[in-house]
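Text of structure01.txt (compact mmCIF, C-alpha atoms) as supplied:
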# COMPACT_ATOMS: atom_id res chain seq x y z
CA MET A 1 -153.07 -57.62 -90.93
CA ARG A 2 -150.85 -60.25 -89.33
CA THR A 3 -149.23 -59.61 -85.96
CA ARG A 4 -146.57 -61.54 -84.05
CA PHE A 5 -146.44 -65.34 -84.37
CA GLY A 6 -148.45 -65.26 -87.61
CA LEU A 7 -151.70 -64.25 -85.91
CA ILE A 8 -154.29 -61.96 -87.46
CA ARG A 9 -155.53 -58.99 -85.46
CA MET A 10 -158.99 -59.89 -84.17
CA ASN A 11 -160.93 -56.94 -85.57
CA PRO A 12 -164.74 -57.14 -85.75
CA ARG A 13 -166.03 -58.69 -88.97
CA ASP A 14 -168.08 -56.52 -91.33
CA PRO A 15 -171.79 -57.32 -90.65
CA SER A 16 -172.64 -56.35 -94.23
CA GLN A 17 -169.86 -58.37 -95.90
CA PRO A 18 -171.30 -59.77 -99.15
CA ASN A 19 -171.46 -63.50 -99.84
CA ARG A 20 -170.23 -64.53 -96.42
CA VAL A 21 -170.84 -68.23 -95.84
CA ALA A 22 -169.97 -70.84 -93.24
CA SER A 23 -166.28 -71.72 -93.21
CA PRO A 24 -164.96 -75.31 -93.48
CA LEU A 25 -163.94 -75.03 -89.81
CA GLU A 26 -167.49 -74.14 -88.81
CA LEU A 27 -168.88 -77.07 -90.79
CA PHE A 28 -166.37 -79.41 -89.13
CA PHE A 29 -167.37 -77.96 -85.75
CA ASP A 30 -171.05 -78.69 -86.46
CA LEU A 31 -170.40 -82.31 -87.39
CA VAL A 32 -168.50 -82.97 -84.17
CA PHE A 33 -171.23 -81.41 -82.07
CA VAL A 34 -173.95 -83.42 -83.78
CA VAL A 35 -172.23 -86.55 -82.45
CA SER A 36 -173.25 -85.48 -78.93
CA VAL A 37 -176.80 -84.79 -80.04
CA SER A 38 -177.00 -88.14 -81.83
CA LEU A 39 -175.79 -90.05 -78.77
CA SER A 40 -178.21 -88.23 -76.47
CA SER A 41 -181.01 -89.04 -78.92
CA SER A 42 -180.04 -92.71 -78.80
CA HIS A 43 -180.23 -92.70 -75.01
CA LEU A 44 -183.58 -90.90 -75.23
CA HIS A 45 -184.86 -93.69 -77.47
CA ALA A 46 -183.74 -96.31 -74.94
CA ALA A 47 -185.44 -94.47 -72.07
CA GLU A 48 -188.66 -93.96 -74.00
CA SER A 49 -188.78 -97.61 -75.11
CA ASP A 50 -188.44 -98.65 -71.46
CA ALA A 51 -191.40 -96.39 -70.57
CA HIS A 52 -189.16 -93.91 -68.71
CA ILE A 53 -190.41 -91.05 -70.83
CA VAL A 54 -190.44 -88.19 -68.31
CA SER A 55 -187.00 -88.90 -66.86
CA GLY A 56 -185.60 -89.68 -70.30
CA VAL A 57 -186.85 -86.43 -71.80
CA GLY A 58 -185.60 -84.47 -68.80
CA SER A 59 -182.09 -85.94 -69.06
CA TYR A 60 -182.07 -85.44 -72.82
CA LEU A 61 -182.94 -81.76 -72.48
CA MET A 62 -180.23 -81.22 -69.87
CA VAL A 63 -177.59 -82.78 -72.10
CA LEU A 64 -178.80 -80.87 -75.13
CA LEU A 65 -178.78 -77.58 -73.24
CA ALA A 66 -175.06 -77.99 -72.64
CA VAL A 67 -174.32 -78.91 -76.26
CA TRP A 68 -176.54 -76.17 -77.70
CA TRP A 69 -175.12 -73.46 -75.47
CA ALA A 70 -171.50 -74.24 -76.33
CA TRP A 71 -172.38 -74.41 -80.04
CA MET A 72 -174.31 -71.16 -79.91
CA ASN A 73 -171.57 -69.23 -78.09
CA PHE A 74 -168.99 -70.29 -80.65
CA THR A 75 -171.31 -69.44 -83.54
CA TRP A 76 -172.06 -65.89 -82.40
CA PHE A 77 -168.43 -65.24 -81.51
CA ALA A 78 -167.34 -66.49 -84.94
CA THR A 79 -169.75 -64.21 -86.77
CA ALA A 80 -168.15 -61.24 -84.98
CA PHE A 81 -164.45 -62.13 -84.70
CA ASP A 82 -163.50 -65.16 -86.80
CA THR A 83 -159.86 -64.80 -87.89
CA ASP A 84 -159.33 -68.40 -89.07
CA ASP A 85 -155.65 -68.23 -88.14
CA TRP A 86 -153.78 -71.11 -86.52
CA PHE A 87 -154.51 -70.11 -82.92
CA TYR A 88 -158.21 -69.58 -83.59
CA ARG A 89 -158.35 -73.01 -85.26
CA LEU A 90 -156.46 -74.63 -82.40
CA LEU A 91 -158.85 -73.26 -79.76
CA THR A 92 -161.82 -74.38 -81.86
CA ILE A 93 -160.43 -77.91 -82.12
CA VAL A 94 -160.00 -77.94 -78.32
CA GLN A 95 -163.69 -77.09 -78.08
CA MET A 96 -164.42 -80.02 -80.38
CA SER A 97 -162.45 -82.32 -78.11
CA GLY A 98 -164.60 -81.13 -75.23
CA ALA A 99 -167.71 -81.97 -77.25
CA LEU A 100 -166.41 -85.51 -77.74
CA VAL A 101 -165.71 -85.86 -74.01
CA LEU A 102 -169.22 -84.58 -73.31
CA ALA A 103 -170.58 -87.12 -75.81
CA ALA A 104 -168.76 -89.88 -73.95
CA GLY A 105 -170.49 -88.78 -70.74
CA THR A 106 -174.03 -88.61 -72.11
CA GLY A 107 -174.70 -92.26 -71.29
CA SER A 108 -173.81 -92.02 -67.59
CA ALA A 109 -175.56 -88.65 -67.33
CA MET A 110 -178.84 -89.84 -68.85
CA THR A 111 -178.99 -93.34 -67.38
CA GLU A 112 -177.29 -92.94 -63.98
CA GLY A 113 -177.52 -89.22 -63.28
CA ASP A 114 -173.72 -88.99 -63.14
CA PHE A 115 -172.71 -85.73 -64.81
CA THR A 116 -168.98 -85.90 -63.96
CA ILE A 117 -167.62 -86.74 -67.43
CA MET A 118 -170.19 -84.56 -69.12
CA THR A 119 -169.30 -81.60 -66.89
CA LEU A 120 -165.60 -81.99 -67.61
CA GLY A 121 -166.34 -82.09 -71.32
CA TYR A 122 -168.52 -79.00 -71.02
CA VAL A 123 -165.81 -77.06 -69.20
CA VAL A 124 -163.28 -78.05 -71.87
CA MET A 125 -165.70 -76.74 -74.48
CA ARG A 126 -166.20 -73.44 -72.71
CA LEU A 127 -162.73 -72.46 -71.48
CA PRO A 128 -161.32 -71.83 -74.98
CA MET A 129 -163.97 -69.14 -75.33
CA VAL A 130 -162.33 -67.30 -72.43
CA ALA A 131 -159.09 -67.15 -74.41
CA GLN A 132 -160.98 -66.04 -77.50
CA TRP A 133 -162.73 -63.20 -75.64
CA LEU A 134 -159.47 -62.07 -74.01
CA ARG A 135 -157.90 -61.93 -77.44
CA ALA A 136 -160.84 -59.86 -78.69
CA ALA A 137 -160.50 -57.55 -75.67
CA ALA A 138 -156.82 -56.95 -76.50
CA SER A 139 -157.58 -56.27 -80.17
CA VAL A 140 -160.73 -54.10 -80.08
CA PRO A 141 -160.61 -51.15 -77.64
CA HIS A 142 -164.22 -50.04 -78.08
CA LEU A 143 -165.48 -53.58 -77.33
CA ARG A 144 -162.96 -54.32 -74.56
CA GLN A 145 -165.46 -54.05 -71.71
CA THR A 146 -167.96 -56.30 -73.47
CA ALA A 147 -165.28 -58.89 -74.21
CA LEU A 148 -163.94 -58.82 -70.64
CA VAL A 149 -167.41 -59.29 -69.17
CA TYR A 150 -167.79 -62.36 -71.38
CA ALA A 151 -164.40 -63.72 -70.32
CA VAL A 152 -165.01 -63.17 -66.60
CA GLY A 153 -168.60 -64.43 -66.75
CA ILE A 154 -167.67 -67.62 -68.57
CA THR A 155 -164.80 -68.27 -66.16
CA ILE A 156 -167.00 -67.85 -63.09
CA MET A 157 -169.61 -70.18 -64.52
CA GLN A 158 -167.04 -72.91 -65.22
CA VAL A 159 -165.78 -72.74 -61.65
CA LEU A 160 -169.37 -73.14 -60.46
CA TRP A 161 -169.94 -76.12 -62.79
CA ILE A 162 -166.92 -77.88 -61.31
CA ALA A 163 -168.08 -77.04 -57.77
CA ARG A 164 -171.51 -78.50 -58.60
CA LEU A 165 -169.95 -81.97 -58.80
CA TRP A 166 -169.60 -81.95 -55.00
CA LEU A 167 -173.24 -81.09 -54.36
CA PRO A 168 -175.64 -83.77 -53.07
CA GLU A 169 -177.34 -85.74 -55.85
CA GLN A 170 -180.77 -84.57 -54.67
CA GLY A 171 -180.08 -81.02 -55.78
CA GLY A 172 -178.66 -81.96 -59.16
CA VAL A 173 -181.52 -80.82 -61.37
CA VAL A 174 -182.13 -77.57 -59.48
CA SER A 175 -178.44 -76.63 -59.43
CA PHE A 176 -178.17 -77.48 -63.14
CA LEU A 177 -181.06 -75.16 -64.00
CA VAL A 178 -179.67 -72.38 -61.81
CA LEU A 179 -176.22 -72.56 -63.39
CA MET A 180 -177.68 -72.83 -66.87
CA GLY A 181 -179.70 -69.70 -66.12
CA GLY A 182 -176.44 -68.01 -65.14
CA GLU A 183 -174.87 -69.04 -68.45
CA LEU A 184 -177.81 -67.62 -70.39
CA THR A 185 -177.52 -64.34 -68.50
CA VAL A 186 -173.85 -63.71 -69.33
CA PRO A 187 -174.46 -62.46 -72.92
CA ILE A 188 -177.34 -60.25 -71.77
CA ILE A 189 -175.09 -58.55 -69.22
CA ALA A 190 -172.07 -58.38 -71.52
CA GLU A 191 -173.97 -56.87 -74.45
CA ARG A 192 -175.87 -54.38 -72.32
CA ARG A 193 -173.85 -51.29 -73.32
CA ARG A 194 -172.04 -52.21 -76.53
CA HIS A 195 -173.16 -54.97 -78.88
CA THR A 196 -170.77 -57.19 -80.75
CA PRO A 197 -171.53 -57.19 -84.51
CA TRP A 198 -173.29 -60.05 -86.25
CA HIS A 199 -173.77 -60.95 -89.88
CA PRO A 200 -177.50 -61.78 -90.36
CA GLU A 201 -177.05 -64.05 -93.39
CA HIS A 202 -174.08 -65.82 -91.81
CA ILE A 203 -175.85 -66.42 -88.50
CA THR A 204 -179.06 -67.69 -90.06
CA GLU A 205 -177.09 -69.95 -92.40
CA ARG A 206 -175.25 -71.42 -89.41
CA TYR A 207 -178.52 -72.19 -87.63
CA SER A 208 -180.03 -73.57 -90.83
CA LEU A 209 -177.10 -75.89 -91.45
CA PHE A 210 -177.15 -77.25 -87.90
CA THR A 211 -180.90 -77.84 -88.14
CA LEU A 212 -180.45 -79.58 -91.47
CA ILE A 213 -177.76 -81.87 -90.05
CA LEU A 214 -179.99 -82.76 -87.10
CA ILE A 215 -182.90 -83.66 -89.37
CA GLY A 216 -180.54 -85.65 -91.59
CA GLU A 217 -179.15 -87.53 -88.59
CA SER A 218 -182.68 -88.40 -87.55
CA VAL A 219 -183.54 -89.73 -90.99
CA LEU A 220 -180.32 -91.78 -91.08
CA ALA A 221 -180.90 -93.24 -87.63
CA SER A 222 -184.49 -94.08 -88.50
CA ALA A 223 -183.45 -95.73 -91.78
CA ASN A 224 -180.87 -97.85 -89.96
CA ALA A 225 -183.48 -98.89 -87.41
CA VAL A 226 -185.91 -99.93 -90.14
CA ILE A 227 -183.21 -101.89 -91.99
CA ASP A 228 -182.16 -103.66 -88.79
CA SER A 229 -185.77 -104.47 -87.91
CA VAL A 230 -186.57 -105.85 -91.35
CA GLU A 231 -183.72 -108.33 -90.94
CA HIS A 232 -185.19 -109.69 -87.74
CA THR A 233 -188.98 -109.48 -88.08
CA ALA A 234 -191.86 -110.27 -90.38
CA HIS A 235 -193.71 -107.01 -89.61
CA LEU A 236 -192.82 -105.50 -92.95
CA PRO A 237 -196.09 -103.69 -93.82
CA SER A 238 -196.25 -101.81 -90.52
CA LEU A 239 -192.54 -100.94 -90.77
CA ILE A 240 -193.08 -99.53 -94.25
CA ILE A 241 -195.86 -97.32 -92.87
CA VAL A 242 -193.55 -96.05 -90.11
CA ALA A 243 -190.75 -95.42 -92.60
CA VAL A 244 -192.96 -93.58 -95.09
CA CYS A 245 -194.71 -91.48 -92.44
CA GLY A 246 -191.40 -90.71 -90.75
CA LEU A 247 -189.93 -89.53 -94.04
CA ILE A 248 -192.98 -87.35 -94.74
CA LEU A 249 -192.74 -85.77 -91.30
CA ALA A 250 -188.99 -85.15 -91.61
CA ALA A 251 -189.40 -83.73 -95.11
CA GLY A 252 -192.21 -81.50 -93.87
CA MET A 253 -190.02 -80.21 -91.06
CA TRP A 254 -187.29 -79.38 -93.59
CA TRP A 255 -189.81 -77.76 -95.93
CA THR A 256 -191.30 -75.64 -93.17
CA TYR A 257 -187.95 -74.50 -91.78
CA PHE A 258 -186.69 -73.38 -95.18
CA ALA A 259 -190.01 -71.94 -96.37
CA ARG A 260 -188.79 -68.35 -95.95
CA GLU A 261 -185.56 -66.43 -95.57
CA HIS A 262 -184.45 -66.03 -91.95
CA SER A 263 -182.05 -63.11 -92.06
CA ASP A 264 -184.79 -60.54 -91.45
CA SER A 265 -185.59 -62.29 -88.16
CA ILE A 266 -182.55 -60.78 -86.39
CA THR A 267 -182.71 -57.03 -86.96
CA SER A 268 -182.07 -55.98 -83.32
CA PHE A 269 -180.36 -57.26 -80.18
CA GLY A 270 -183.70 -58.36 -78.75
CA SER A 271 -184.70 -60.25 -81.88
CA SER A 272 -181.26 -61.86 -82.06
CA LEU A 273 -181.69 -63.17 -78.50
CA THR A 274 -185.14 -64.49 -79.37
CA PHE A 275 -183.85 -66.17 -82.52
CA GLY A 276 -180.77 -67.60 -80.83
CA TYR A 277 -182.33 -68.79 -77.59
CA GLY A 278 -185.59 -69.89 -79.22
CA HIS A 279 -183.76 -72.29 -81.48
CA PHE A 280 -183.18 -74.57 -78.51
CA VAL A 281 -186.75 -75.81 -79.02
CA VAL A 282 -186.10 -76.37 -82.73
CA PHE A 283 -182.83 -78.22 -82.12
CA ALA A 284 -184.23 -80.34 -79.28
CA ALA A 285 -187.27 -81.34 -81.31
CA ALA A 286 -185.19 -82.18 -84.40
CA GLY A 287 -182.82 -84.28 -82.32
CA ALA A 288 -185.73 -86.17 -80.73
CA LEU A 289 -187.26 -87.10 -84.09
CA SER A 290 -185.18 -90.25 -84.60
CA ALA A 291 -185.90 -91.41 -81.05
CA GLY A 292 -189.63 -91.15 -81.70
CA ILE A 293 -189.45 -93.05 -84.99
CA GLU A 294 -187.33 -95.76 -83.39
CA VAL A 295 -189.86 -96.08 -80.56
CA ALA A 296 -192.59 -96.53 -83.19
CA ILE A 297 -190.50 -99.30 -84.78
CA ASP A 298 -189.93 -100.94 -81.39
CA VAL A 299 -193.68 -100.92 -80.74
CA ASP A 300 -194.41 -102.58 -84.09
CA THR A 301 -191.76 -105.24 -83.44
CA ASN A 302 -192.84 -105.79 -79.81
CA ALA A 303 -189.45 -104.60 -78.57
CA ALA A 304 -190.73 -101.74 -76.37
CA ASP A 305 -192.41 -101.55 -72.98
CA VAL A 306 -194.42 -98.49 -73.98
CA ALA A 307 -197.42 -98.46 -76.29
CA GLY A 308 -200.52 -96.54 -77.29
CA VAL A 309 -200.72 -92.78 -76.83
CA ALA A 310 -197.36 -92.46 -75.05
CA ALA A 311 -195.50 -94.24 -77.84
CA ALA A 312 -197.12 -92.15 -80.55
CA ALA A 313 -196.47 -88.94 -78.61
CA THR A 314 -192.71 -89.59 -78.58
CA LEU A 315 -192.85 -88.90 -82.33
CA THR A 316 -195.74 -86.51 -82.89
CA VAL A 317 -194.98 -84.11 -80.04
CA PRO A 318 -191.38 -83.33 -81.14
CA VAL A 319 -192.59 -82.72 -84.70
CA SER A 320 -195.30 -80.40 -83.41
CA LEU A 321 -192.84 -78.48 -81.22
CA PHE A 322 -190.41 -78.15 -84.13
CA LEU A 323 -193.13 -76.68 -86.34
CA LEU A 324 -194.40 -74.29 -83.66
CA GLY A 325 -190.86 -73.17 -82.85
CA THR A 326 -190.06 -72.58 -86.51
CA TRP A 327 -193.31 -70.69 -87.00
CA ALA A 328 -192.68 -68.44 -83.99
CA LEU A 329 -189.08 -67.64 -84.96
CA THR A 330 -189.17 -67.34 -88.75
CA LEU A 331 -192.70 -67.45 -90.19
CA ARG A 332 -195.09 -65.62 -87.88
CA HIS A 333 -194.11 -62.13 -89.01
CA VAL A 334 -194.22 -62.88 -92.76
CA LEU A 335 -197.51 -64.80 -93.03
CA SER A 336 -201.04 -63.45 -93.14
CA ARG A 337 -203.22 -63.76 -90.06
CA ALA A 338 -205.35 -66.49 -91.66
CA THR A 339 -202.27 -68.48 -92.71
CA ASN A 340 -200.76 -68.14 -89.25
CA ILE A 341 -203.93 -69.55 -87.67
CA VAL A 342 -203.99 -72.51 -90.07
CA ILE A 343 -200.28 -73.29 -89.60
CA VAL A 344 -200.53 -73.24 -85.80
CA ALA A 345 -203.69 -75.36 -85.88
CA LEU A 346 -202.12 -77.99 -88.14
CA ALA A 347 -198.91 -78.07 -86.04
CA ALA A 348 -201.01 -78.60 -82.92
CA LEU A 349 -203.06 -81.31 -84.63
CA ILE A 350 -199.87 -83.19 -85.46
CA GLY A 351 -199.02 -83.29 -81.76
CA LEU A 352 -202.57 -84.26 -80.81
CA SER A 353 -202.70 -87.02 -83.42
CA ALA A 354 -201.11 -89.27 -80.79
CA LEU A 355 -204.57 -89.45 -79.21
CA VAL A 356 -206.28 -91.03 -82.23
CA PRO A 357 -205.93 -94.40 -84.03
CA PHE A 358 -203.47 -94.53 -86.95
CA SER A 359 -201.67 -91.55 -85.45
CA LEU A 360 -198.68 -91.59 -87.81
CA PRO A 361 -200.74 -91.51 -91.05
CA VAL A 362 -202.91 -88.78 -89.52
CA ALA A 363 -199.82 -86.76 -88.56
CA ALA A 364 -198.35 -87.26 -92.03
CA ALA A 365 -201.60 -86.09 -93.65
CA CYS A 366 -201.59 -82.96 -91.48
CA MET A 367 -197.97 -82.31 -92.46
CA VAL A 368 -198.75 -82.57 -96.17
CA THR A 369 -201.63 -80.13 -95.68
CA LEU A 370 -199.37 -77.72 -93.80
CA VAL A 371 -196.79 -77.75 -96.61
CA ILE A 372 -199.51 -77.12 -99.19
CA VAL A 373 -200.75 -74.12 -97.19
CA LEU A 374 -197.22 -72.71 -96.93
CA GLU A 375 -196.63 -73.10 -100.66
CA ALA A 376 -200.00 -71.52 -101.51
CA SER A 377 -199.11 -68.59 -99.26
CA ARG A 378 -195.69 -68.19 -100.88
CA ASN A 379 -197.17 -68.29 -104.38
CA ALA A 380 -199.76 -65.68 -103.37
CA ASP A 381 -196.97 -63.45 -101.99
CA ARG A 382 -194.97 -63.86 -105.20
CA THR A 383 -197.98 -62.95 -107.32
CA THR A 384 -198.65 -59.85 -105.25
CA ARG A 385 -195.02 -58.69 -105.55
CA ILE A 386 -195.03 -59.27 -109.30
CA GLU A 387 -198.14 -57.14 -109.61
CA GLN A 388 -196.47 -54.43 -107.50
CA GLY A 389 -193.24 -54.69 -109.48
CA THR A 390 -191.15 -55.61 -106.40
CA PHE A 391 -190.44 -59.26 -107.18
CA SER A 392 -186.96 -60.35 -108.24
CA LEU A 393 -185.39 -63.77 -108.72

Can I see the file as structure tokens?
Amino acid sequence: MRTRFGLIRMNPRDPSQPNRVASPLELFFDLVFVVSVSLSSSHLHAAESDAHIVSGVGSYLMVLLAVWWAWMNFTWFATAFDTDDWFYRLLTIVQMSGALVLAAGTGSAMTEGDFTIMTLGYVVMRLPMVAQWLRAAASVPHLRQTALVYAVGITIMQVLWIARLWLPEQGGVVSFLVLMGGELTVPIIAERRRHTPWHPEHITERYSLFTLILIGESVLASANAVIDSVEHTAHLPSLIIVAVCGLILAAGMWWTYFAREHSDSITSFGSSLTFGYGHFVVFAAAGALSAGIEVAIDVDTNAADVAGVAAAATLTVPVSLFLLGTWALTLRHVLSRATNIVIVALAALIGLSALVPFSLPVAAACMVTLVIVLEASRNADRTTRIEQGTFSL
């Protein structure tokens, strides 16, 4: 029902609405946010190639925390209250503009430790959510307290983020972690008494699409790096090995993530928090994939200051973390004990393959084995359900 000024009353969406899928606005939102992830991944590659792995990874995770948190807040709000009217769209586009400002600040944040532009972009991303929650509070009496706690909590945190810019540089990391902890606490406090509704299939599709875009961005960046390197070097055989192994690892990550349905992973408020917050590991690892492959290319073309185990680990460790995160969030509860043990062991071996010669082919071989195990498990489950008469297409 439309109200004044052509707005739709912001009633809670039906969590059991059939065939609900991501809207074009949500897909547009994802693409804009991936720009920030892609830029932070590029800066991670530069840091890792210069042998500044620890500081580079630390800066990358800080940037990604900000991007992921703004994306996640919008996603969960949208599953509960998306009206798709002109004001809702306008506020969402403002959030996108904040993401672009944040993207512009990733370079200075990751290379110089200057978070000024990035902080301003983050605040621009977050403040529209205050308006959204106030609108929800005015529209839904039984969720008014929850919505107001969100609005007040987000506002307080943005004031603190701005105030952080005047703190001494020495306390930058600590203050960032403290404020990020405050951000993560706001939903827990707000949802304590009354929970906002969520649509399981819609939420899991949103996470799946963002993960897919991140993996795709990594493949694209890696392909561009290989093409550029081929034009300037004679190391074609080794580059082909990197390209093939990188594709196998990326395909295996995709295969693993989509091996089972995810909607049954968020059946309670606690499980929804685990699923939502735990995906930070999945997103961070997926975003770091291209950086690791590009480091491997730099090593082969003698364009990097890092080599050996450290260089290989920039690729194998993110893949391993992605697999372990996916297993913990979506696979652990649907696989047999024996399959769980094998999957975890193979994921760990992929990370540890950095310690052995020919690490990328070894990691790729482990990934192929892992996919075979998952498929064998799925076929066994299908056979069992057919025999029990519970299988349906």

Next on the checklist: To one decimal place in Å, what is the distance between atom CA of Thr75 of chain A and atom CA of Ile266 of chain A?
Outcome noted: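 Between atom CA of Thr75 of chain A and atom CA of Ile266 of chain A the gap works out to 14.5 Å.
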
Near Arg192 of chain A, within 12 Å and counting all atoms listed in the file, which residues show up once chain neighbours fewer than 6 positions away are dropped, as a tab-separated table (two decimals) with C-alpha atoms, in the coordinates of the input?
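To be explicit, this is the file written out as selection_37.tsv:
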chain	number	residue	atom	x	y	z
A	143	LEU	CA	-165.48	-53.58	-77.33
A	145	GLN	CA	-165.46	-54.05	-71.71
A	146	THR	CA	-167.96	-56.30	-73.47
A	147	ALA	CA	-165.28	-58.89	-74.21
A	149	VAL	CA	-167.41	-59.29	-69.17
A	150	TYR	CA	-167.79	-62.36	-71.38
A	185	THR	CA	-177.52	-64.34	-68.50
A	186	VAL	CA	-173.85	-63.71	-69.33
A	269	PHE	CA	-180.36	-57.26	-80.18
A	270	GLY	CA	-183.70	-58.36	-78.75

Around all of segment 245-254 of chain A's listed atoms, make the axis-aligned box with 6 Å on each side and tell me centre and edge lengths in Å to one decimal, as lines of an AutoDock Vina configuration file.
center_x = -191.0
center_y = -85.4
center_z = -92.9
size_x = 19.4
size_y = 24.1
size_z = 16.4

Checklist entry - Just how far from atom CA of Ala310 of chain A is atom CA of Thr256 of chain A, in Å to one decimal? => result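 Value for the atom CA of Thr256 of chain A-atom CA of Ala310 of chain A distance: 25.5 Å.
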
Checklist entry - Contacts of Met180 of chain A at 10 Å or less, counting all atoms listed in the file, minus same-chain residues fewer than 4 places along, as a list in words? => result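 The contact residues come out as Met62, Leu65, Ala66, Trp69, Met157, Trp161, Val174, Ser175, Phe176, Leu184 and Thr185 of chain A.
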
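Taking all atoms listed in the file into account, Ser16 of chain A lies nearest to A:His199 out of the set A:Arg206, A:His199, A:Arg378, A:Arg260.
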
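Nearest to Val219 of chain A of all the residues A:Ile293, A:Ala354, A:Ile154, A:Leu177 is A:Ile293, counting all atoms listed in the file.
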
Checklist entry - Which is closer to Ala70 of chain A than all the others in A:Arg135, A:Arg13, A:Arg144, A:Arg126, using all atoms listed in the file? => result A:Arg126

Could you extract segment 95-109 of chain A of the given structure into a file holding N, CA, C and O atoms, as a compact mmCIF listing (two decimals), in the first residue's frame?
# COMPACT_ATOMS: atom_id res chain seq x y z
N GLN A 95 24.44 4.69 -0.52
CA GLN A 95 25.37 3.71 0.04
C GLN A 95 26.40 3.27 -1.00
O GLN A 95 27.58 3.10 -0.68
N MET A 96 25.96 3.10 -2.23
CA MET A 96 26.90 2.73 -3.29
C MET A 96 27.95 3.81 -3.49
O MET A 96 29.14 3.51 -3.70
N SER A 97 27.53 5.06 -3.43
CA SER A 97 28.50 6.16 -3.58
C SER A 97 29.53 6.12 -2.45
O SER A 97 30.72 6.39 -2.68
N GLY A 98 29.07 5.77 -1.25
CA GLY A 98 30.02 5.61 -0.15
C GLY A 98 31.00 4.49 -0.41
O GLY A 98 32.20 4.60 -0.07
N ALA A 99 30.53 3.41 -1.02
CA ALA A 99 31.42 2.29 -1.36
C ALA A 99 32.49 2.73 -2.35
O ALA A 99 33.65 2.31 -2.26
N LEU A 100 32.12 3.59 -3.29
CA LEU A 100 33.10 4.08 -4.27
C LEU A 100 34.11 5.01 -3.61
O LEU A 100 35.30 4.99 -3.95
N VAL A 101 33.64 5.85 -2.66
CA VAL A 101 34.57 6.69 -1.92
C VAL A 101 35.52 5.83 -1.10
O VAL A 101 36.74 6.06 -1.07
N LEU A 102 34.98 4.80 -0.46
CA LEU A 102 35.82 3.88 0.30
C LEU A 102 36.84 3.21 -0.62
O LEU A 102 38.02 3.06 -0.25
N ALA A 103 36.41 2.81 -1.81
CA ALA A 103 37.33 2.20 -2.77
C ALA A 103 38.46 3.15 -3.13
O ALA A 103 39.62 2.73 -3.25
N ALA A 104 38.13 4.43 -3.27
CA ALA A 104 39.16 5.41 -3.60
C ALA A 104 40.17 5.56 -2.47
O ALA A 104 41.32 5.96 -2.71
N GLY A 105 39.76 5.24 -1.25
CA GLY A 105 40.66 5.39 -0.10
C GLY A 105 41.42 4.13 0.26
O GLY A 105 42.23 4.16 1.20
N THR A 106 41.17 3.03 -0.44
CA THR A 106 41.85 1.78 -0.08
C THR A 106 43.36 1.88 -0.28
O THR A 106 44.14 1.32 0.50
N GLY A 107 43.78 2.59 -1.32
CA GLY A 107 45.21 2.70 -1.58
C GLY A 107 45.95 3.39 -0.45
O GLY A 107 46.94 2.85 0.07
N SER A 108 45.48 4.57 -0.04
CA SER A 108 46.15 5.29 1.05
C SER A 108 46.03 4.54 2.37
O SER A 108 46.94 4.58 3.20
N ALA A 109 44.92 3.82 2.57
CA ALA A 109 44.75 3.07 3.81
C ALA A 109 45.72 1.90 3.89
O ALA A 109 46.33 1.64 4.93
